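Asks: Pasting work-v1.cif below, which is mmCIF, C-alpha atoms.
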```
data_input
#
loop_
_atom_site.label_atom_id
_atom_site.label_comp_id
_atom_site.auth_asym_id
_atom_site.auth_seq_id
_atom_site.Cartn_x
_atom_site.Cartn_y
_atom_site.Cartn_z
CA MET H 264 -31.73 1.46 13.69
CA ALA H 265 -29.92 1.42 17.01
CA THR H 266 -28.04 4.33 18.49
CA VAL H 267 -24.61 3.66 19.94
CA PRO H 268 -22.02 5.91 21.59
CA VAL H 269 -19.31 7.17 19.24
CA ASP H 270 -16.59 5.23 21.13
CA TRP H 271 -18.45 1.97 20.37
CA PHE H 272 -16.81 1.85 16.95
CA GLU H 273 -13.32 1.89 18.43
CA ARG H 274 -14.18 -0.66 21.10
CA ALA H 275 -15.98 -2.99 18.68
CA TRP H 276 -13.97 -2.55 15.48
CA GLY H 277 -10.71 -0.90 16.55
CA TYR H 278 -11.34 2.19 14.39
CA ARG H 279 -12.20 5.71 15.44
CA PHE H 280 -15.51 6.93 14.04
CA VAL H 281 -14.89 9.47 11.28
CA GLY H 282 -18.28 9.54 9.56
CA TRP H 283 -20.73 7.48 7.59
CA SER H 284 -19.64 8.33 4.08
CA GLU H 285 -16.46 8.49 2.06
CA ASP H 286 -17.65 11.64 0.35
CA LEU H 287 -18.36 15.10 1.63
CA GLY H 288 -20.06 17.53 -0.70
CA THR H 289 -19.26 15.22 -3.64
CA LYS H 290 -15.54 15.24 -2.75
CA MET H 291 -14.02 11.86 -1.98
CA ILE H 292 -12.21 11.52 1.32
CA ASP H 293 -9.18 9.24 1.44
CA PHE H 294 -9.35 7.31 4.67
CA ASP H 295 -5.99 6.87 6.34
CA HIS H 296 -5.87 3.34 7.68
CA THR H 297 -2.35 3.81 9.06
CA ILE H 298 -1.76 2.74 12.64
CA ASP H 299 0.76 5.06 14.28
CA VAL H 300 3.09 3.57 16.91
CA TYR H 301 5.38 5.90 18.84
CA VAL H 302 8.45 4.12 20.24
CA ARG H 303 8.86 6.75 22.98
CA ARG H 304 5.49 5.57 24.42
CA LEU H 305 6.62 1.92 24.62
CA ARG H 306 8.04 2.14 28.13
CA PRO H 307 7.20 0.67 31.54
CA GLY H 308 4.70 2.76 33.48
CA VAL H 309 3.00 4.29 30.43
CA ASP H 310 -0.78 4.26 30.83
CA ASP H 311 -3.51 4.95 28.30
CA SER H 312 -1.42 4.71 25.14
CA ASP H 313 -2.63 3.56 21.72
CA SER H 314 0.97 2.58 20.94
CA VAL H 315 1.05 0.27 23.96
CA LYS H 316 -2.34 -1.11 22.94
CA GLN H 317 -0.89 -2.09 19.55
CA LEU H 318 2.13 -3.68 21.24
CA ARG H 319 -0.06 -5.63 23.68
CA TYR H 320 -2.36 -6.80 20.88
CA ARG H 321 0.52 -8.24 18.88
CA LEU H 322 2.20 -9.78 21.93
CA ILE H 323 -1.07 -11.57 22.74
CA ARG H 324 -1.58 -12.72 19.12
CA ARG H 325 1.97 -14.08 18.96
CA GLY H 326 1.66 -15.92 22.29
CA PHE H 327 4.15 -13.85 24.30
CA LEU H 328 1.54 -12.22 26.58
CA LYS H 329 -1.26 -14.06 28.38
CA VAL H 330 -4.26 -12.07 29.58
CA SER H 331 -7.55 -12.91 31.27
CA GLY H 332 -10.91 -11.17 31.58
CA PRO H 333 -11.79 -8.44 31.08
CA LEU H 334 -8.71 -8.26 28.80
CA SER H 335 -8.53 -10.31 25.62
CA GLU H 336 -7.08 -10.20 22.13
CA ARG H 337 -9.95 -7.91 21.13
CA ARG H 338 -9.48 -5.78 24.27
CA PRO H 339 -5.74 -5.97 24.93
CA GLY H 340 -5.48 -3.01 27.31
CA ASN H 341 -3.27 0.05 26.96
CA LYS H 342 -0.90 -0.02 29.96
CA TYR H 343 2.75 -1.01 29.87
CA THR H 344 2.69 -3.32 32.87
CA PRO H 345 5.39 -5.64 34.28
CA ALA H 346 3.67 -8.47 32.35
CA VAL H 347 4.16 -6.53 29.09
CA GLU H 348 7.79 -5.91 29.99
CA ALA H 349 8.28 -9.66 30.60
CA ALA H 350 6.56 -10.48 27.29
CA VAL H 351 8.84 -8.05 25.43
CA LYS H 352 11.84 -9.76 27.06
CA LYS H 353 10.56 -13.13 25.79
CA TRP H 354 10.25 -11.70 22.27
CA GLN H 355 13.72 -10.14 22.52
CA LYS H 356 15.22 -13.46 23.68
CA LYS H 357 13.56 -15.37 20.82
CA HIS H 358 14.97 -12.92 18.28
CA GLY H 359 18.48 -12.76 19.75
CA HIS H 360 18.29 -9.27 21.23
CA LYS H 361 19.47 -8.05 24.62
CA GLN H 362 16.58 -8.60 27.04
CA THR H 363 15.74 -5.14 28.35
CA GLY H 364 11.94 -5.30 28.30
CA VAL H 365 11.87 -2.13 26.17
CA LEU H 366 11.96 -2.11 22.38
CA SER H 367 14.64 -0.01 20.70
CA ASN H 368 13.79 1.85 17.49
CA ALA H 369 15.22 -0.97 15.36
CA GLN H 370 13.47 -3.65 17.42
CA ALA H 371 10.14 -1.82 17.16
CA LYS H 372 10.48 -1.68 13.37
CA GLU H 373 11.26 -5.41 13.31
CA PHE H 374 8.42 -6.23 15.73
CA PHE H 375 5.73 -4.33 13.79
CA ALA H 376 7.13 -5.04 10.28
CA PRO H 377 4.70 -7.88 9.45
CA ASN H 378 1.80 -5.37 9.50
CA LYS H 379 2.06 -2.94 6.57
CA LYS H 380 -0.57 -0.63 8.15
CA VAL H 381 1.66 0.15 11.13
CA LYS H 382 3.91 3.19 10.89
CA VAL H 383 6.61 3.19 13.56
CA HIS H 384 7.74 6.63 14.73
CA PRO H 385 11.26 6.43 16.26
CA ALA H 386 11.90 7.88 19.69
#
```
Go ahead and render the structure in this file as structure tokens.

Replies:
Amino acid sequence: MATVPVDWFERAWGYRFVGWSEDLGTKMIDFDHTIDVYVRRLRPGVDDSDSVKQLRYRLIRRGFLKVSGPLSERRPGNKYTPAVEAAVKKWQKKHGHKQTGVLSNAQAKEFFAPNKKVKVHPA
């Protein structure tokens, strides 16, 4: 059996390591597979944000954001860069919204709606 750093699970699978078993002392643990996205974090200049990482991932998957190594769909990055702002504007234009480069609360709900695991927290 190999030993890996705890953050390997998040890098490889996108989940934070919470343990090896769903039970603790014979009590079942309900895993929360909800992905929290905070609209207030979806702004230009924000660095190191899981919310931005989720935004970038979906922009890449939907073809609005192009990235190159070391970034990829599996490693989308977590910074709200000018490229992310431009990609958000492209999405906003396609969906008939004012092109600001920043998602409003309603736009964020619309953007993340296809994924039932995502819970959008309004600003």

Asks: Under the rule that only C-alpha atoms are counted, which of H:Pro333, H:Ala275, H:Phe327, H:Tyr320 is the nearest residue to Lys357 (chain H)?

Replies: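 Smallest separation from Lys357 (chain H) among the options: H:Phe327.
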
Asks: Do you have the CA of His360 (chain H)-CA of Asp311 (chain H) distance handy?

Replies: 27.0 Å

Asks: Residues at most 12 Å from region 368-384 of chain H, counting only C-alpha atoms, excluding those fewer than 2 positions away in the same chain, as number ranges by chain?

Replies: H: 295-306, 313-315, 317-322, 325, 351-352, 354-366, 386

Asks: Fewer than 5 positions away in the same chain doesn't count, so skip those; otherwise give me all residues within 10 Å of Ser335 (chain H), counting only C-alpha atoms, as a PyMOL selection string.

Replies: chain H and resi 319-320+323-324+329-330+340

Asks: Take CA of Leu328 (chain H) and CA of Glu273 (chain H) and report the distance between them in Å, one decimal.

Replies: 22.1 Å

Asks: So what do you get for CA of Gly277 (chain H) versus CA of Asn341 (chain H), distance-wise?

Replies: 12.8 Å

Asks: Once you add 4 Å to each side, what are the centre and edge lengths of the axis-aligned box holding all listed atoms of region 368-383 of chain H? One decimal in Å, as AutoDock Vina command-line options, if you can.

Replies:
```
--center_x 7.3 --center_y -2.3 --center_z 12.0 --size_x 23.8 --size_y 19.1 --size_z 18.9
```

Asks: Just the residues within 6 Å of Val309 (chain H), please, counting only C-alpha atoms, with nothing from its chain fewer than 2 positions along; format it as a VMD selection string.

Replies: chain H and resid 306 to 307 342 to 343

Asks: If you count all atoms listed in the file, which residues fall within 10 Å of Trp276 (chain H), apart from same-chain ones fewer than 5 positions away, as number ranges by chain?

Replies: H: 270-271, 337
